[in-house]
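To be precise, the following lines are my_file31.txt, and they hold compact mmCIF, C-alpha atoms.
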```
# COMPACT_ATOMS: atom_id res chain seq x y z
CA THR A 1308 96.32 33.50 4.29
CA LYS A 1309 99.98 32.88 3.51
CA TYR A 1310 100.02 35.74 1.01
CA ASN A 1311 98.59 38.09 3.64
CA SER A 1312 101.20 36.82 6.09
CA LEU A 1313 103.96 37.62 3.60
CA CYS A 1314 102.58 41.11 2.94
CA GLY A 1315 102.34 41.73 6.68
CA LEU A 1316 105.95 40.62 7.12
CA VAL A 1317 107.23 42.87 4.33
CA ASP A 1318 105.23 45.85 5.59
CA GLY A 1319 105.92 45.43 9.30
CA TYR A 1320 109.32 43.76 9.64
CA PHE A 1321 110.95 45.24 6.55
CA ASN A 1322 109.21 48.64 6.45
CA HIS A 1323 107.34 47.98 3.16
CA SER A 1324 110.59 47.10 1.34
CA THR A 1325 110.50 43.98 -0.79
CA GLU A 1326 114.18 44.53 -1.54
CA ARG A 1327 115.09 44.29 2.14
CA PHE A 1328 112.95 41.19 2.51
CA LEU A 1329 114.64 39.49 -0.45
CA GLU A 1330 118.09 40.43 0.81
CA LYS A 1331 117.32 38.84 4.16
CA TYR A 1332 115.74 35.82 2.49
CA TYR A 1333 118.83 35.19 0.34
CA GLU A 1334 121.12 35.79 3.30
CA ILE A 1335 119.30 33.16 5.41
CA ARG A 1336 119.11 30.69 2.51
CA ASP A 1337 122.80 30.99 1.68
CA ASN A 1338 123.80 30.76 5.35
CA ILE A 1339 121.89 27.49 5.78
CA ILE A 1340 123.43 25.97 2.65
CA LYS A 1341 126.96 27.12 3.52
CA THR A 1342 126.73 25.90 7.12
CA VAL A 1343 125.55 22.42 6.15
CA GLU A 1344 127.92 22.03 3.21
CA ASN A 1345 130.90 22.93 5.40
CA SER A 1346 130.02 20.35 8.05
CA ASP A 1347 131.99 17.12 8.36
CA ALA A 1348 128.73 15.14 8.49
CA TYR A 1349 127.63 16.48 5.10
CA LYS A 1350 131.04 15.77 3.59
CA ARG A 1351 130.76 12.18 4.81
CA PHE A 1352 127.29 11.98 3.27
CA ASN A 1353 128.66 13.05 -0.12
CA THR A 1354 131.24 10.26 -0.18
CA MET A 1355 129.51 7.42 1.69
CA ASP A 1356 128.67 4.08 0.07
CA MET A 1357 124.99 4.20 -0.92
CA ASN A 1358 124.60 0.47 -1.50
CA SER A 1359 123.03 0.08 1.94
CA PHE A 1360 120.05 2.12 0.75
CA THR A 1361 118.83 -0.32 -1.88
CA TYR A 1362 115.49 -2.13 -1.65
CA ASP A 1363 113.81 -5.00 -3.47
CA ILE A 1364 110.20 -3.93 -4.02
CA ASP A 1365 108.97 -4.31 -7.59
CA GLY A 1366 105.71 -4.19 -9.48
CA ILE A 1367 104.16 -1.11 -7.84
CA SER A 1368 103.31 1.80 -10.11
CA SER A 1369 104.88 5.21 -9.55
CA ASN A 1370 102.20 6.92 -11.65
CA ASN A 1371 99.90 9.44 -10.01
CA ILE A 1372 96.34 8.31 -9.33
CA TYR A 1373 94.56 11.45 -10.49
CA CYS A 1374 93.02 10.09 -13.65
CA GLU A 1375 89.54 9.26 -14.87
CA ILE A 1376 89.88 5.52 -14.31
CA ASN A 1377 89.94 6.20 -10.55
CA ASN A 1378 86.73 8.22 -10.54
CA GLY A 1379 84.67 7.27 -7.48
CA LYS A 1380 87.41 5.20 -5.84
CA THR A 1381 88.70 5.67 -2.30
CA PHE A 1382 92.33 5.78 -1.21
CA VAL A 1383 94.56 6.34 1.80
CA SER A 1384 97.89 8.14 1.44
CA PHE A 1385 100.90 7.77 3.74
CA ASP A 1386 103.13 10.73 2.97
CA LEU A 1387 106.57 11.32 4.50
CA LYS A 1388 106.45 14.84 5.96
CA LYS A 1389 109.32 17.12 4.91
CA ALA A 1390 110.92 14.09 3.32
CA ASN A 1391 114.17 15.79 2.32
CA PHE A 1392 114.84 16.82 5.94
CA GLN A 1393 113.90 13.41 7.33
CA ALA A 1394 116.14 11.67 4.80
CA LEU A 1395 119.22 13.66 5.81
CA LYS A 1396 118.39 13.26 9.49
CA TYR A 1397 118.07 9.50 8.99
CA VAL A 1398 121.56 9.31 7.50
CA ASP A 1399 123.22 11.44 10.18
CA GLU A 1400 121.56 13.83 12.62
CA GLU A 1401 124.71 15.95 12.56
CA ILE A 1402 123.88 16.98 8.98
CA VAL A 1403 120.83 18.82 10.36
CA MET A 1404 122.68 20.04 13.47
CA GLY A 1405 121.03 17.45 15.72
CA ALA A 1406 117.57 18.96 15.20
CA SER A 1407 114.61 16.65 15.81
CA THR A 1408 112.33 18.63 13.46
CA TYR A 1409 112.81 20.83 10.43
CA GLU A 1410 111.43 23.78 12.39
CA ASP A 1411 114.07 23.28 15.08
CA PHE A 1412 116.74 23.07 12.40
CA ILE A 1413 115.83 26.29 10.60
CA ARG A 1414 115.41 28.20 13.87
CA ASN A 1415 119.20 28.00 14.12
CA PHE A 1416 119.23 30.56 11.31
CA THR A 1417 116.11 32.73 11.70
CA ASP A 1418 113.18 33.50 13.96
CA ILE A 1419 110.99 34.77 11.10
CA ASP A 1420 107.94 32.50 11.16
CA TYR A 1421 107.14 33.01 7.47
CA ILE A 1422 110.55 31.69 6.44
CA ILE A 1423 110.44 28.90 9.02
CA ASN A 1424 107.14 27.68 7.53
CA SER A 1425 108.09 28.27 3.90
CA LYS A 1426 108.07 25.06 1.84
CA HIS A 1427 109.74 26.97 -0.98
CA ILE A 1428 112.88 27.81 0.99
CA ARG A 1429 113.06 24.24 2.32
CA GLN A 1430 112.95 22.87 -1.22
CA ILE A 1431 115.54 25.37 -2.43
CA VAL A 1432 117.91 24.67 0.47
CA PHE A 1433 117.79 20.89 0.29
CA GLY A 1434 117.73 21.01 -3.49
CA LYS A 1435 121.32 22.27 -3.26
CA MET A 1436 122.43 19.36 -1.05
CA ASN A 1437 123.06 16.47 -3.41
CA PRO A 1438 119.36 15.79 -4.07
CA LYS A 1439 120.02 12.56 -5.98
CA ARG A 1440 121.41 11.03 -2.81
CA HIS A 1441 118.68 12.09 -0.43
CA ILE A 1442 115.97 11.13 -2.95
CA MET A 1443 117.53 7.67 -2.93
CA ILE A 1444 117.25 7.66 0.86
CA GLU A 1445 113.63 8.88 0.68
CA LYS A 1446 112.80 5.93 -1.57
CA TYR A 1447 114.54 3.56 0.85
CA ILE A 1448 112.59 4.95 3.81
CA THR A 1449 109.32 4.75 1.86
CA ALA A 1450 110.06 1.13 0.94
CA ASN A 1451 110.62 0.27 4.59
CA ILE A 1452 107.35 1.96 5.56
CA TYR A 1453 105.62 -0.05 2.82
CA LYS A 1454 106.96 -3.31 4.29
CA GLU A 1455 105.79 -2.25 7.74
CA LEU A 1456 102.31 -1.41 6.47
CA VAL A 1457 101.99 -4.71 4.65
CA ASP A 1458 103.63 -7.06 7.16
CA LYS A 1459 102.42 -5.55 10.43
CA TYR A 1460 99.15 -3.86 9.53
CA GLY A 1461 97.94 -6.04 6.66
CA MET A 1462 97.65 -3.19 4.18
CA GLU A 1463 96.86 -4.38 0.65
CA ASN A 1464 96.43 -3.02 -2.86
CA CYS A 1465 99.17 -0.39 -3.01
CA VAL A 1466 98.43 1.48 -6.24
CA SER A 1467 101.23 4.03 -6.17
CA MET A 1468 104.68 4.22 -4.61
CA MET A 1469 106.53 7.49 -5.10
CA ASN A 1470 109.71 8.88 -3.57
CA ASP A 1471 108.00 9.93 -0.36
CA GLU A 1472 104.42 8.68 -0.58
CA LEU A 1473 102.44 5.44 -0.61
CA VAL A 1474 98.84 5.27 -1.80
CA PHE A 1475 96.58 2.28 -1.09
CA ARG A 1476 93.14 1.57 -2.52
CA VAL A 1477 90.60 1.11 0.30
CA ASP A 1478 86.89 0.35 0.52
CA ASN A 1479 85.37 3.45 2.13
CA LEU A 1480 85.92 6.68 4.07
CA ASP A 1481 84.81 5.32 7.44
CA LYS A 1482 88.19 4.29 8.86
CA LYS A 1483 90.03 7.61 9.19
CA GLY A 1484 90.78 6.96 12.86
CA LYS A 1485 92.27 3.56 12.11
CA TYR A 1486 94.72 4.94 9.57
CA ASP A 1487 95.63 7.90 11.80
CA ILE A 1488 96.57 5.40 14.53
CA ILE A 1489 98.72 3.47 12.06
CA GLY A 1490 100.51 6.70 11.14
CA GLU A 1491 101.18 7.44 14.82
CA GLN A 1492 102.47 3.93 15.41
CA ILE A 1493 104.85 4.22 12.47
CA LYS A 1494 106.20 7.42 13.98
CA ASN A 1495 106.60 5.80 17.40
CA ASN A 1496 108.08 2.52 16.12
CA MET A 1497 110.13 3.66 13.13
CA GLY A 1498 110.79 7.31 13.92
CA PHE A 1499 109.31 8.73 10.71
CA ASP A 1500 106.78 11.55 10.74
CA ILE A 1501 103.88 10.59 8.46
CA ASN A 1502 100.93 12.55 7.10
CA VAL A 1503 97.88 10.30 6.64
CA GLU A 1504 95.02 11.30 4.34
CA LEU A 1505 91.90 9.28 3.53
CA PHE A 1506 90.08 10.54 0.45
CA SER A 1507 87.96 9.68 -2.58
CA LEU A 1508 88.35 10.92 -6.12
CA ASN A 1509 85.40 12.30 -8.01
CA LYS A 1510 85.40 13.66 -11.53
CA ILE A 1511 84.02 17.15 -11.99
CA GLN A 1512 82.48 17.67 -15.39
CA LEU A 1513 83.00 21.27 -16.52
CA LEU A 1514 80.71 22.37 -19.33
CA CYS A 1515 82.67 25.29 -20.73
CA ASN A 1516 81.97 24.94 -24.42
CA LYS A 1517 78.52 26.51 -24.24
CA VAL A 1518 77.61 29.80 -22.67
CA LEU A 1519 73.91 30.39 -22.16
CA LYS A 1520 72.97 34.03 -22.47
CA GLY A 1521 71.49 35.40 -19.28
CA THR A 1522 72.57 32.39 -17.19
CA TYR A 1523 75.01 32.85 -14.31
```
Represent the structure of the file as structure tokens.
Amino acid sequence: TKYNSLCGLVDGYFNHSTERFLEKYYEIRDNIIKTVENSDAYKRFNTMDMNSFTYDIDGISSNNIYCEINNGKTFVSFDLKKANFQALKYVDEEIVMGASTYEDFIRNFTDIDYIINSKHIRQIVFGKMNPKRHIMIEKYITANIYKELVDKYGMENCVSMMNDELVFRVDNLDKKGKYDIIGEQIKNNMGFDINVELFSLNKIQLLCNKVLKGTY
């Protein structure tokens, strides 16, 4: 669907010219980066003391859970949406021009929906903005969400804590509504936009070493 959307954009908006599309893409990208980097808020961010963004959570793995040992187990993930944007907004809303959402922020530079919804351009743009610092802030935010989930909602058995995601082992798939409500309450109480996903992992055995003639 996204590929078709891109082709439709190139054909319709840019008269079948990929060169014109790329020129516009680079122009928008560079304009966003230049505008933010020249702002006083971003300059303050680059020189601020980061000691206030430390946390004291230990003993939780940062490994991914997609391995055979977790076959058949059920998990719930709390993932910080557009974490790089939320991290910079958390530090100082002026860095993101006072925008409440990433979409509002990027609409200051373009009205092309494909670019507005492009994860790639978001990663490229924020990847140029001192990523070590905003990854540190992402981890700090995630740690605070972890404390909220444990202290207020009694969540247990956190099996993975990454920069922008927490994964807990749970018993079954029957409590999707409960976890969705928790995600909404975190947004309302803490101001962070969270994606909640309840899922189970199941190994798929692929038998590719034998091909049976006449079998499809």
Protein, DNA and RNA residues within 9 Å of (111.2, 20.3, 10.1), all atoms listed in the file, as a list in words: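 Here the neighbourhood of the point contains Lys1388, Lys1389, Phe1392, Gln1393, Ala1406, Ser1407, Thr1408, Tyr1409, Glu1410, Asp1411, Phe1412, Ile1413, Ile1423, Asn1424 and Arg1429 of chain A.
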Generate a file of the selected residues that holds C-alpha atoms, formatted as a short mmCIF file (atom, residue, chain, number, x, y, z; two decimals), in the coordinates of the input.
```cif
data_model
loop_
_atom_site.label_atom_id
_atom_site.label_comp_id
_atom_site.auth_asym_id
_atom_site.auth_seq_id
_atom_site.Cartn_x
_atom_site.Cartn_y
_atom_site.Cartn_z
CA LYS A 1388 106.45 14.84 5.96
CA LYS A 1389 109.32 17.12 4.91
CA PHE A 1392 114.84 16.82 5.94
CA GLN A 1393 113.90 13.41 7.33
CA ALA A 1406 117.57 18.96 15.20
CA SER A 1407 114.61 16.65 15.81
CA THR A 1408 112.33 18.63 13.46
CA TYR A 1409 112.81 20.83 10.43
CA GLU A 1410 111.43 23.78 12.39
CA ASP A 1411 114.07 23.28 15.08
CA PHE A 1412 116.74 23.07 12.40
CA ILE A 1413 115.83 26.29 10.60
CA ILE A 1423 110.44 28.90 9.02
CA ASN A 1424 107.14 27.68 7.53
CA ARG A 1429 113.06 24.24 2.32
#
```
For region 1424-1493 of chain A versus region 1328-1349 of chain A, which residues have an atom no more than 10 Å away, and what is each residue's nearest atom pair and distance in Å rounded to one decimal, using only C-alpha atoms, chain-then-number order, as a tab-separated table?
```
residue	atom	partner	partner_atom	distance
A:Ile1428	CA	A:Arg1336	CA	7.0
A:Arg1429	CA	A:Arg1336	CA	8.8
A:Ile1431	CA	A:Arg1336	CA	8.1
A:Val1432	CA	A:Ile1340	CA	6.1
A:Phe1433	CA	A:Ile1340	CA	7.9
A:Gly1434	CA	A:Ile1340	CA	9.7
A:Lys1435	CA	A:Ile1340	CA	7.3
A:Met1436	CA	A:Glu1344	CA	7.4
A:Asn1437	CA	A:Tyr1349	CA	9.7
```
Coordinates-based distance that separates CA of Phe1385 (chain A) from CA of Thr1449 (chain A) (Å, one decimal):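 Separating CA of Thr1449 (chain A) from CA of Phe1385 (chain A) is a distance of 9.1 Å.
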Work out how far CA of Lys1494 (chain A) is from CA of Arg1476 (chain A), in Å to one decimal.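 Pair CA of Arg1476 (chain A) / CA of Lys1494 (chain A) returns 21.8 Å.
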Kindly indicate which residue among A:Phe1506, A:Tyr1310, A:Tyr1373, A:Phe1499 lies nearest to Asn1479 (chain A), using all atoms listed in the file for the distances.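 The answer is A:Phe1506, which sits nearest to Asn1479 (chain A).
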Could you please determine the separation between CA of Tyr1447 (chain A) and CA of Met1462 (chain A) in Å, to one decimal place?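 Result for CA of Tyr1447 (chain A) versus CA of Met1462 (chain A): 18.5 Å, one decimal.
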Among listed residues A:Phe1321, A:Tyr1460, A:Tyr1362, A:Phe1382, nearest Asp1481 (chain A) (using only C-alpha atoms):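 Closest residue, counting only C-alpha atoms: A:Phe1382.
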Go through A:Ile1452, A:Gly1405, A:Asp1418, A:Gly1379 one by one, measure the shortest atom-to-atom distance of each to Asn1496 (chain A) using only C-alpha atoms, and give the residue with the smallest value.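 When distances to Asn1496 (chain A) are compared using only C-alpha atoms, the smallest one comes from A:Ile1452.
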Spatial neighbours of Ser1467 (chain A), 10 Å, all atoms listed in the file, chain gap at least 4 places, as a list in words: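 Once the adjacent positions are removed, what remains is Gly1366, Ile1367, Ser1368, Ser1369, Asn1370, Asn1371, Ile1372, Ser1384, Glu1472, Leu1473, Val1474, Phe1475 and Arg1476 of chain A.
Minimum distance to Asn1377 (chain A) across A:Gln1512, A:Ser1507, A:Asn1322, A:Asn1391 (counting only C-alpha atoms) occurs at A:Ser1507.
The closest residue to Leu1456 (chain A), picked from A:Pro1438, A:Gly1490, A:Gly1315, A:Gly1498 and counting only C-alpha atoms, is A:Gly1490.
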Shortest interatomic distance to Asn1509 (chain A) - which of A:His1441, A:Lys1380, A:Arg1414, A:His1427, counting all atoms listed in the file: A:Lys1380
